[in-house]
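Quick look at input26.pdb (PDB, C-alpha atoms (C1' of nucleotides)):
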```pdb
ATOM      1  CA  MET A   1      15.296  11.534 -13.910
ATOM      2  CA  LYS A   2      12.409  11.878 -11.494
ATOM      3  CA  ILE A   3      11.126   8.598 -10.063
ATOM      4  CA  ALA A   4       8.043   8.350  -7.858
ATOM      5  CA  THR A   5       6.311   5.682  -5.814
ATOM      6  CA  TYR A   6       2.616   5.813  -4.986
ATOM      7  CA  ASN A   7       0.412   3.287  -3.216
ATOM      8  CA  VAL A   8      -2.839   4.244  -4.934
ATOM      9  CA  ASN A   9      -5.174   1.961  -2.952
ATOM     10  CA  GLY A  10      -7.282   1.020  -5.968
ATOM     11  CA  VAL A  11      -6.107   2.185  -9.408
ATOM     12  CA  ASN A  12      -9.599   2.513 -10.871
ATOM     13  CA  GLY A  13     -11.250   4.108  -7.862
ATOM     14  CA  ARG A  14      -8.259   6.443  -7.735
ATOM     15  CA  LEU A  15      -7.987   7.236 -11.430
ATOM     16  CA  PRO A  16      -8.941  10.962 -11.318
ATOM     17  CA  VAL A  17      -6.508  11.556  -8.455
ATOM     18  CA  LEU A  18      -3.770   9.541 -10.159
ATOM     19  CA  LEU A  19      -4.149  11.416 -13.464
ATOM     20  CA  ARG A  20      -4.199  14.811 -11.754
ATOM     21  CA  TRP A  21      -1.072  13.926  -9.795
ATOM     22  CA  LEU A  22       0.759  12.675 -12.920
ATOM     23  CA  GLU A  23      -0.137  15.909 -14.705
ATOM     24  CA  GLU A  24       1.011  18.124 -11.830
ATOM     25  CA  SER A  25       4.059  16.239 -10.591
ATOM     26  CA  LYS A  26       5.218  14.855 -13.960
ATOM     27  CA  PRO A  27       7.419  12.026 -12.732
ATOM     28  CA  ASP A  28       9.450  10.350 -15.480
ATOM     29  CA  VAL A  29       8.788   6.999 -13.844
ATOM     30  CA  ALA A  30       5.961   6.148 -11.449
ATOM     31  CA  CYS A  31       5.820   2.913  -9.460
ATOM     32  CA  LEU A  32       2.301   2.074  -8.285
ATOM     33  CA  GLN A  33       1.146  -0.385  -5.652
ATOM     34  CA  GLU A  34      -2.206  -1.740  -4.522
ATOM     35  CA  LEU A  35      -3.855  -1.618  -7.927
ATOM     36  CA  LYS A  36      -6.667  -3.804  -6.556
ATOM     37  CA  ALA A  37      -7.579  -4.693 -10.119
ATOM     38  CA  PRO A  38      -7.247  -7.829 -12.246
ATOM     39  CA  GLN A  39      -4.787  -7.730 -15.150
ATOM     40  CA  GLU A  40      -7.461  -6.845 -17.725
ATOM     41  CA  LYS A  41      -8.978  -4.009 -15.686
ATOM     42  CA  PHE A  42      -5.859  -1.831 -15.579
ATOM     43  CA  PRO A  43      -6.727   1.607 -17.067
ATOM     44  CA  GLU A  44      -4.139   1.276 -19.814
ATOM     45  CA  GLN A  45      -5.672   3.772 -22.230
ATOM     46  CA  ALA A  46      -6.096   6.558 -19.657
ATOM     47  CA  ILE A  47      -2.476   6.093 -18.598
ATOM     48  CA  LYS A  48      -1.352   6.131 -22.227
ATOM     49  CA  ASP A  49      -3.364   9.306 -22.892
ATOM     50  CA  ALA A  50      -1.529  10.873 -19.952
ATOM     51  CA  GLY A  51       1.741  10.188 -21.761
ATOM     52  CA  TYR A  52       2.921   7.032 -20.001
ATOM     53  CA  GLU A  53       3.751   3.546 -21.169
ATOM     54  CA  ALA A  54       3.156   0.958 -18.506
ATOM     55  CA  ILE A  55       3.730  -2.607 -17.431
ATOM     56  CA  TRP A  56       1.687  -4.044 -14.617
ATOM     57  CA  HIS A  57       0.916  -7.203 -12.704
ATOM     58  CA  GLY A  58      -2.666  -7.203 -11.557
ATOM     59  CA  GLN A  59      -4.675  -9.393  -9.233
ATOM     60  CA  LYS A  60      -8.364  -9.589  -8.423
ATOM     61  CA  SER A  61      -9.318  -7.479  -5.383
ATOM     62  CA  TRP A  62      -5.906  -7.202  -3.765
ATOM     63  CA  ASN A  63      -2.312  -6.160  -4.316
ATOM     64  CA  GLY A  64      -1.137  -5.382  -7.858
ATOM     65  CA  VAL A  65       1.902  -3.348  -8.958
ATOM     66  CA  ALA A  66       2.779  -1.246 -12.022
ATOM     67  CA  ILE A  67       5.664   0.721 -13.509
ATOM     68  CA  LEU A  68       4.799   3.761 -15.662
ATOM     69  CA  SER A  69       7.319   5.656 -17.774
ATOM     70  CA  ARG A  70       7.203   8.692 -20.043
ATOM     71  CA  VAL A  71      10.875   8.362 -21.013
ATOM     72  CA  GLY A  72      10.633   5.139 -22.999
ATOM     73  CA  ALA A  73       8.752   1.931 -22.455
ATOM     74  CA  PRO A  74       9.761   0.048 -19.301
ATOM     75  CA  LYS A  75      11.666  -3.089 -20.326
ATOM     76  CA  GLU A  76      10.265  -5.777 -18.068
ATOM     77  CA  LEU A  77      12.831  -7.928 -16.270
ATOM     78  CA  ARG A  78      10.517  -9.920 -13.978
ATOM     79  CA  ARG A  79       7.040  -9.790 -12.469
ATOM     80  CA  GLU A  80       7.518 -11.773  -9.301
ATOM     81  CA  LEU A  81       9.981 -12.010  -6.486
ATOM     82  CA  PRO A  82      11.999 -15.231  -6.842
ATOM     83  CA  GLY A  83      12.057 -17.941  -4.220
ATOM     84  CA  ASP A  84       8.504 -19.180  -3.693
ATOM     85  CA  ALA A  85       6.467 -20.658  -6.535
ATOM     86  CA  GLU A  86       3.499 -20.946  -4.154
ATOM     87  CA  ASP A  87       3.324 -17.188  -3.619
ATOM     88  CA  LEU A  88       0.654 -15.949  -6.005
ATOM     89  CA  HIS A  89       0.330 -12.386  -4.684
ATOM     90  CA  SER A  90       1.140  -9.670  -7.219
ATOM     91  CA  ARG A  91       3.644  -7.742  -5.154
ATOM     92  CA  TYR A  92       6.722  -7.252  -7.319
ATOM     93  CA  ILE A  93       7.541  -6.049 -10.809
ATOM     94  CA  GLU A  94      10.909  -5.003 -12.163
ATOM     95  CA  ALA A  95      11.954  -3.142 -15.291
ATOM     96  CA  GLU A  96      14.835  -1.304 -16.856
ATOM     97  CA  VAL A  97      14.263   2.341 -17.763
ATOM     98  CA  ASN A  98      17.032   4.601 -19.085
ATOM     99  CA  GLY A  99      19.715   2.164 -17.956
ATOM    100  CA  VAL A 100      18.363   1.977 -14.406
ATOM    101  CA  VAL A 101      16.846  -1.193 -12.974
ATOM    102  CA  ILE A 102      13.701  -0.308 -11.055
ATOM    103  CA  GLY A 103      12.066  -2.775  -8.697
ATOM    104  CA  CYS A 104       8.527  -1.832  -7.641
ATOM    105  CA  LEU A 105       7.412  -3.694  -4.541
ATOM    106  CA  TYR A 106       4.462  -4.008  -2.205
ATOM    107  CA  LEU A 107       5.692  -5.749   0.909
ATOM    108  CA  PRO A 108       3.021  -7.633   2.888
ATOM    109  CA  ASN A 109       1.346  -5.784   5.744
ATOM    110  CA  GLY A 110       1.804  -8.705   8.150
ATOM    111  CA  ASN A 111      -0.984  -8.016  10.635
ATOM    112  CA  PRO A 112      -2.189  -9.548  12.824
ATOM    113  CA  CYS A 113       1.014 -10.400  14.639
ATOM    114  CA  PRO A 114       1.763 -13.137  15.523
ATOM    115  CA  GLY A 115       0.170 -15.327  12.873
ATOM    116  CA  PRO A 116       0.530 -16.710   9.350
ATOM    117  CA  LYS A 117       0.354 -13.250   7.766
ATOM    118  CA  PHE A 118       3.270 -12.088   9.883
ATOM    119  CA  ASP A 119       5.235 -15.218   8.944
ATOM    120  CA  TYR A 120       4.473 -14.519   5.285
ATOM    121  CA  LYS A 121       5.807 -10.984   5.695
ATOM    122  CA  LEU A 122       9.074 -12.168   7.240
ATOM    123  CA  GLY A 123       9.457 -14.807   4.514
ATOM    124  CA  TRP A 124       8.829 -12.227   1.810
ATOM    125  CA  PHE A 125      11.443  -9.984   3.417
ATOM    126  CA  GLU A 126      14.008 -12.787   3.307
ATOM    127  CA  ARG A 127      13.318 -13.374  -0.370
ATOM    128  CA  LEU A 128      13.663  -9.638  -0.997
ATOM    129  CA  GLN A 129      17.022  -9.636   0.779
ATOM    130  CA  LEU A 130      18.252 -12.496  -1.414
ATOM    131  CA  HIS A 131      17.084 -10.825  -4.607
ATOM    132  CA  ALA A 132      18.466  -7.438  -3.548
ATOM    133  CA  LYS A 133      21.854  -9.023  -2.865
ATOM    134  CA  MET A 134      21.843 -10.556  -6.318
ATOM    135  CA  LEU A 135      21.087  -7.135  -7.822
ATOM    136  CA  LEU A 136      23.921  -5.497  -5.879
ATOM    137  CA  GLU A 137      26.374  -8.106  -7.128
ATOM    138  CA  GLN A 138      25.664  -6.958 -10.679
ATOM    139  CA  LYS A 139      27.106  -3.528  -9.816
ATOM    140  CA  ILE A 140      24.542  -1.677 -11.889
ATOM    141  CA  PRO A 141      22.258   1.283 -11.032
ATOM    142  CA  VAL A 142      19.247  -0.111  -9.144
ATOM    143  CA  ILE A 143      16.319   1.481  -7.319
ATOM    144  CA  LEU A 144      14.146  -0.670  -5.076
ATOM    145  CA  THR A 145      11.066   1.351  -4.272
ATOM    146  CA  GLY A 146       7.535   0.941  -3.065
ATOM    147  CA  ASP A 147       5.421   0.319  -0.007
ATOM    148  CA  TYR A 148       7.700  -1.572   2.391
ATOM    149  CA  ASN A 149       5.130  -1.562   5.206
ATOM    150  CA  VAL A 150       7.938  -0.818   7.662
ATOM    151  CA  MET A 151       8.706   2.228   9.756
ATOM    152  CA  PRO A 152      12.502   1.834   9.989
ATOM    153  CA  THR A 153      13.002   3.883  13.180
ATOM    154  CA  GLU A 154      11.072   5.686  15.909
ATOM    155  CA  LEU A 155      11.472   8.896  13.931
ATOM    156  CA  ASP A 156       9.262   7.369  11.250
ATOM    157  CA  VAL A 157       6.086   7.001  13.323
ATOM    158  CA  TYR A 158       4.024   9.677  15.055
ATOM    159  CA  LYS A 159       3.617   7.719  18.293
ATOM    160  CA  PRO A 160       6.123   4.845  18.446
ATOM    161  CA  GLU A 161       4.853   3.371  21.714
ATOM    162  CA  LYS A 162       1.468   2.652  20.135
ATOM    163  CA  TRP A 163       3.043   0.642  17.325
ATOM    164  CA  VAL A 164       5.614  -1.590  19.058
ATOM    165  CA  ASN A 165       3.521  -4.736  18.626
ATOM    166  CA  ASP A 166       2.237  -3.894  15.169
ATOM    167  CA  ALA A 167       3.545  -5.857  12.180
ATOM    168  CA  LEU A 168       4.788  -2.587  10.635
ATOM    169  CA  PHE A 169       7.040  -1.796  13.560
ATOM    170  CA  ARG A 170       7.920  -5.056  15.302
ATOM    171  CA  THR A 171      11.634  -5.424  15.968
ATOM    172  CA  GLU A 172      11.813  -8.450  13.625
ATOM    173  CA  VAL A 173      10.595  -6.277  10.760
ATOM    174  CA  ARG A 174      12.758  -3.266  11.595
ATOM    175  CA  ASP A 175      15.727  -5.614  11.843
ATOM    176  CA  ALA A 176      14.902  -7.073   8.442
ATOM    177  CA  PHE A 177      14.831  -3.611   6.875
ATOM    178  CA  GLU A 178      18.066  -2.642   8.600
ATOM    179  CA  LYS A 179      19.714  -5.836   7.392
ATOM    180  CA  LEU A 180      18.550  -5.156   3.849
ATOM    181  CA  VAL A 181      19.925  -1.595   3.875
ATOM    182  CA  ALA A 182      23.200  -2.856   5.379
ATOM    183  CA  GLN A 183      23.849  -4.846   2.211
ATOM    184  CA  GLY A 184      24.912  -1.500   0.754
ATOM    185  CA  TRP A 185      21.686   0.329  -0.069
ATOM    186  CA  THR A 186      20.955   3.996   0.590
ATOM    187  CA  ASP A 187      17.602   5.020   2.110
ATOM    188  CA  ALA A 188      17.197   8.055  -0.169
ATOM    189  CA  ILE A 189      14.551  10.022   1.720
ATOM    190  CA  ARG A 190      16.233   9.560   5.114
ATOM    191  CA  THR A 191      19.564  10.606   3.562
ATOM    192  CA  LEU A 192      17.989  13.789   2.207
ATOM    193  CA  TYR A 193      16.184  14.594   5.462
ATOM    194  CA  PRO A 194      18.330  13.334   8.352
ATOM    195  CA  GLY A 195      16.637  13.754  11.708
ATOM    196  CA  GLU A 196      13.398  15.109  10.230
ATOM    197  CA  LYS A 197       9.908  13.699  10.497
ATOM    198  CA  VAL A 198       8.874  12.701   6.994
ATOM    199  CA  TYR A 199       5.621  10.783   6.596
ATOM    200  CA  THR A 200       4.206   9.051   3.535
ATOM    201  CA  PHE A 201       1.004   7.557   4.990
ATOM    202  CA  TRP A 202      -1.832   8.857   7.149
ATOM    203  CA  ASP A 203      -4.698   6.505   7.897
ATOM    204  CA  TYR A 204      -8.302   7.378   7.144
ATOM    205  CA  PHE A 205      -9.330   7.308  10.799
ATOM    206  CA  ARG A 206      -9.731  10.176  13.218
ATOM    207  CA  ASP A 207      -8.367  12.892  10.949
ATOM    208  CA  ALA A 208      -4.880  11.381  10.980
ATOM    209  CA  TYR A 209      -3.811  13.635   8.104
ATOM    210  CA  GLY A 210      -5.131  16.776   9.805
ATOM    211  CA  ARG A 211      -3.262  15.838  12.996
ATOM    212  CA  ASN A 212      -0.171  14.761  11.025
ATOM    213  CA  ALA A 213      -0.390  11.369  12.733
ATOM    214  CA  GLY A 214       1.611   9.692   9.984
ATOM    215  CA  LEU A 215       4.026   6.921   9.152
ATOM    216  CA  ARG A 216       7.009   6.698   6.818
ATOM    217  CA  ILE A 217       6.589   3.345   5.082
ATOM    218  CA  ASP A 218       7.177   4.113   1.376
ATOM    219  CA  HIS A 219      10.890   4.038   0.636
ATOM    220  CA  PHE A 220      13.559   4.345  -2.038
ATOM    221  CA  LEU A 221      16.647   2.182  -1.720
ATOM    222  CA  LEU A 222      19.508   3.131  -4.058
ATOM    223  CA  SER A 223      22.372   0.892  -5.108
ATOM    224  CA  PRO A 224      25.906   2.307  -4.586
ATOM    225  CA  GLU A 225      26.073   3.287  -8.270
ATOM    226  CA  LEU A 226      23.271   5.829  -7.678
ATOM    227  CA  LYS A 227      24.112   7.073  -4.207
ATOM    228  CA  ASP A 228      26.082  10.106  -5.369
ATOM    229  CA  LYS A 229      23.620  10.874  -8.157
ATOM    230  CA  LEU A 230      20.737  11.591  -5.748
ATOM    231  CA  LYS A 231      19.743  15.244  -6.283
ATOM    232  CA  SER A 232      16.517  15.789  -4.362
ATOM    233  CA  GLY A 233      13.353  14.142  -3.167
ATOM    234  CA  GLY A 234      10.196  14.640  -1.200
ATOM    235  CA  VAL A 235       6.588  13.755  -0.489
ATOM    236  CA  ASP A 236       3.713  15.212  -2.512
ATOM    237  CA  LYS A 237       1.872  15.620   0.756
ATOM    238  CA  GLU A 238      -0.927  17.818  -0.593
ATOM    239  CA  VAL A 239      -2.231  14.893  -2.666
ATOM    240  CA  ARG A 240      -3.256  13.217   0.600
ATOM    241  CA  GLY A 241      -5.643  16.139   1.161
ATOM    242  CA  TRP A 242      -7.477  15.772  -2.148
ATOM    243  CA  GLU A 243     -10.999  14.368  -2.485
ATOM    244  CA  LYS A 244     -11.275  10.575  -2.828
ATOM    245  CA  THR A 245      -7.555  10.218  -2.189
ATOM    246  CA  SER A 246      -5.385   7.270  -1.171
ATOM    247  CA  ASP A 247      -4.206   6.886   2.410
ATOM    248  CA  HIS A 248      -0.642   7.115   1.040
ATOM    249  CA  ALA A 249       0.920  10.183  -0.559
ATOM    250  CA  PRO A 250       3.246   9.946  -3.576
ATOM    251  CA  VAL A 251       6.976  10.063  -2.798
ATOM    252  CA  TRP A 252       9.667  10.991  -5.349
ATOM    253  CA  ILE A 253      13.377  11.411  -5.886
ATOM    254  CA  GLU A 254      15.472  12.979  -8.627
ATOM    255  CA  ILE A 255      18.701  11.386  -9.771
ATOM    256  CA  GLY A 256      21.175  12.935 -12.176
ATOM    257  CA  LEU A 257      22.145  10.521 -14.922
TER     258      LEU A 257
ATOM    259  C1'  DA B   1      -9.396  -3.244  23.972
ATOM    260  C1'  DT B   2     -12.060  -1.614  20.336
ATOM    261  C1'  DG B   3     -13.182   1.095  16.516
ATOM    262  C1'  DG B   4     -12.766   4.744  13.915
ATOM    263  C1'  DC B   5     -12.483   4.976   7.475
ATOM    264  C1'  DT B   6     -12.164   3.252   2.592
ATOM    265  C1'  DC B   7     -11.262  -0.016  -0.866
ATOM    266  C1'  DC B   8     -12.991  -4.190  -3.413
ATOM    267  C1'  DA B   9     -16.297  -8.048  -4.279
ATOM    268  C1'  DT B  10     -21.263  -9.374  -6.254
ATOM    269  C1'  DA B  11     -23.559  -6.523  -2.096
ATOM    270  C1'  DC B  12     -27.002  -4.698   1.318
ATOM    271  C1'  DT B  13     -22.149  -7.443   4.394
ATOM    272  C1'  DG B  14     -17.321  -9.038   4.842
ATOM    273  C1'  DG B  15     -12.179  -9.164   4.226
ATOM    274  C1'  DA B  16      -8.147  -6.420   4.109
ATOM    275  C1'  DG B  17      -5.608  -2.580   4.809
ATOM    276  C1'  DA B  18      -1.995  -0.076   8.321
TER     277       DA B  18
END
```
Please lay out the structure from this file as structure tokens.
Amino acid sequence: MKIATYNVNGVNGRLPVLLRWLEESKPDVACLQELKAPQEKFPEQAIKDAGYEAIWHGQKSWNGVAILSRVGAPKELRRELPGDAEDLHSRYIEAEVNGVVIGCLYLPNGNPCPGPKFDYKLGWFERLQLHAKMLLEQKIPVILTGDYNVMPTELDVYKPEKWVNDALFRTEVRDAFEKLVAQGWTDAIRTLYPGEKVYTFWDYFRDAYGRNAGLRIDHFLLSPELKDKLKSGGVDKEVRGWEKTSDHAPVWIEIGL
DNA sequence: ATGGCTCCATACTGGAGA
């Protein structure tokens, strides 16, 4: 089964790119973030015509997450991260597909740091850790994927010294990611490419993509039940070079079930 | 230190992103 994650940065503005990518890359499951569309403006019919059934959690202007599947309808398990009834951001949706639990997440950016947005990010991370631990205790196949807004190590950022005080690279945030992984998760892309520079995001400024000034912030975490079933993975980097494209590229893995 | 670019809203400008 091929599972992908893609921060589309606007699902409607990105629709031609999204449909072309689905057609070319043919993931069985695609987790989308940053829909930037209210619930009723999700392009359900276009996605269906492309061969995918979808569940989504929209929000006006910001955030928004979706899970698409062409191997059976995603069976929704939840559409918010537990632990804070006041948190109204659409940043988490979870479904079962083919016996695998798939959590699709859009972790807060957290800038500027320090400040309330950074505090929100750290709080969200703690709630994710709690929920992830609960999932691990079930001893079932789980994939937690999406835009984590964290470069886990210096290898994951083109110029680490420029990012040390950024909310994506602060030690508090790297520590939170490390602590999450240490629960027993496998960082799939890093496992497949140890020691290599692998980027999933290039910002729109100053020809970052042309200079390969990138970040690795979109991740797949695998529960122990899936660790040995990981077959391959990669970044559909060329998509970042298309017209009217997102600042993220799609990332994918294949697991043998 | 700032701004460079692109998205969305209800728009001729501002907030947010990373």
Output as a PDB file with C-alpha atoms, keeping the file's coordinate frame the set of chain A residues within 7 Å of chain B, with distances taken over only C-alpha atoms (C1' of nucleotides).
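Once everything was written out, this is result_22.pdb:
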```
ATOM      1  CA  ASN A   9      -5.174   1.961  -2.952  1.00  0.00           C
ATOM      2  CA  GLY A  10      -7.282   1.020  -5.968  1.00  0.00           C
ATOM      3  CA  SER A  61      -9.318  -7.479  -5.383  1.00  0.00           C
ATOM      4  CA  TYR A 204      -8.302   7.378   7.144  1.00  0.00           C
ATOM      5  CA  PHE A 205      -9.330   7.308  10.799  1.00  0.00           C
ATOM      6  CA  ARG A 206      -9.731  10.176  13.218  1.00  0.00           C
TER       7      ARG A 206
END
```
Exercise for the section: Apply the PyMOL selection byres ((chain A and resi 25-41) around 7) to the displayed file and report the matching residues as a PyMOL selection string. Expected result: chain A and resi 1-11+21-24+42-43+57-71+104+106+146
Tell me which residues the PyMOL selection byres ((chain A and resi 141) around 6) grabs here, as an mmCIF file with C-alpha atoms, in the frame of the given file.
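What follows is the written file result.cif:
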```
data_model
loop_
_atom_site.group_PDB
_atom_site.id
_atom_site.type_symbol
_atom_site.label_atom_id
_atom_site.label_comp_id
_atom_site.auth_asym_id
_atom_site.auth_seq_id
_atom_site.Cartn_x
_atom_site.Cartn_y
_atom_site.Cartn_z
ATOM 1 C CA VAL A 100 18.363 1.977 -14.406
ATOM 2 C CA ILE A 140 24.542 -1.677 -11.889
ATOM 3 C CA VAL A 142 19.247 -0.111 -9.144
ATOM 4 C CA SER A 223 22.372 0.892 -5.108
ATOM 5 C CA GLU A 225 26.073 3.287 -8.270
ATOM 6 C CA LEU A 226 23.271 5.829 -7.678
#
```
Exercise for the section: Check which residues satisfy the PyMOL selection byres ((chain A and resi 110) around 12) in the file shown, then give them as a PyMOL selection string. Expected result: (chain A and resi 106-109+111-125+148-150+165-170+172-173) or (chain B and resi 16-18)
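Closest to Lys75 (chain A) among A:Gly51, A:Gly256, A:Gly103, A:Gly210 is A:Gly103, based on all atoms listed in the file.
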Completion exercise
What separates CA of Val97 (chain A) and CA of Pro74 (chain A) is a distance of 5.3 Å
Practice task
Enter the distance from CA of Glu94 (chain A) to CA of Lys237 (chain A), in Å, rounded to one decimal.
Solution key: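 Separation of CA of Glu94 (chain A) and CA of Lys237 (chain A): 26.0 Å.
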Practice task
Give me, please, the distance in Å between CA of Tyr193 (chain A) and CA of Trp163 (chain A), quoted to one decimal.
Solution key: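 If I compute the distance from CA of Tyr193 (chain A) to CA of Trp163 (chain A), I get 22.5 Å.
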Practice task
Rank A:Arg190, A:Lys179, A:His89, A:Arg216 by their smallest atom-to-atom distance to Met151 (chain A), using only C-alpha atoms, and report the top residue only.
Solution key: A:Arg216
3 Å per side around region 6-13 of chain B: axis-aligned box centre and edge lengths, as lines of an AutoDock Vina configuration file:
```
center_x = -19.1
center_y = -3.1
center_z = -0.9
size_x = 21.7
size_y = 18.6
size_z = 16.6
```
Practice task
Could you please give me, as number ranges by chain, the residues of protein, DNA or RNA lying at most 9 Å from (19.8, -0.4, -1.0) in the coordinate frame of the file, considering all atoms listed in the file?
Solution key: A: 132, 136, 142-144, 180-188, 220-224
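Across A:Ile102, A:Leu130, A:Leu81, A:Val235, the tightest approach to Ala249 (chain A) is made by A:Val235 when counting only C-alpha atoms.
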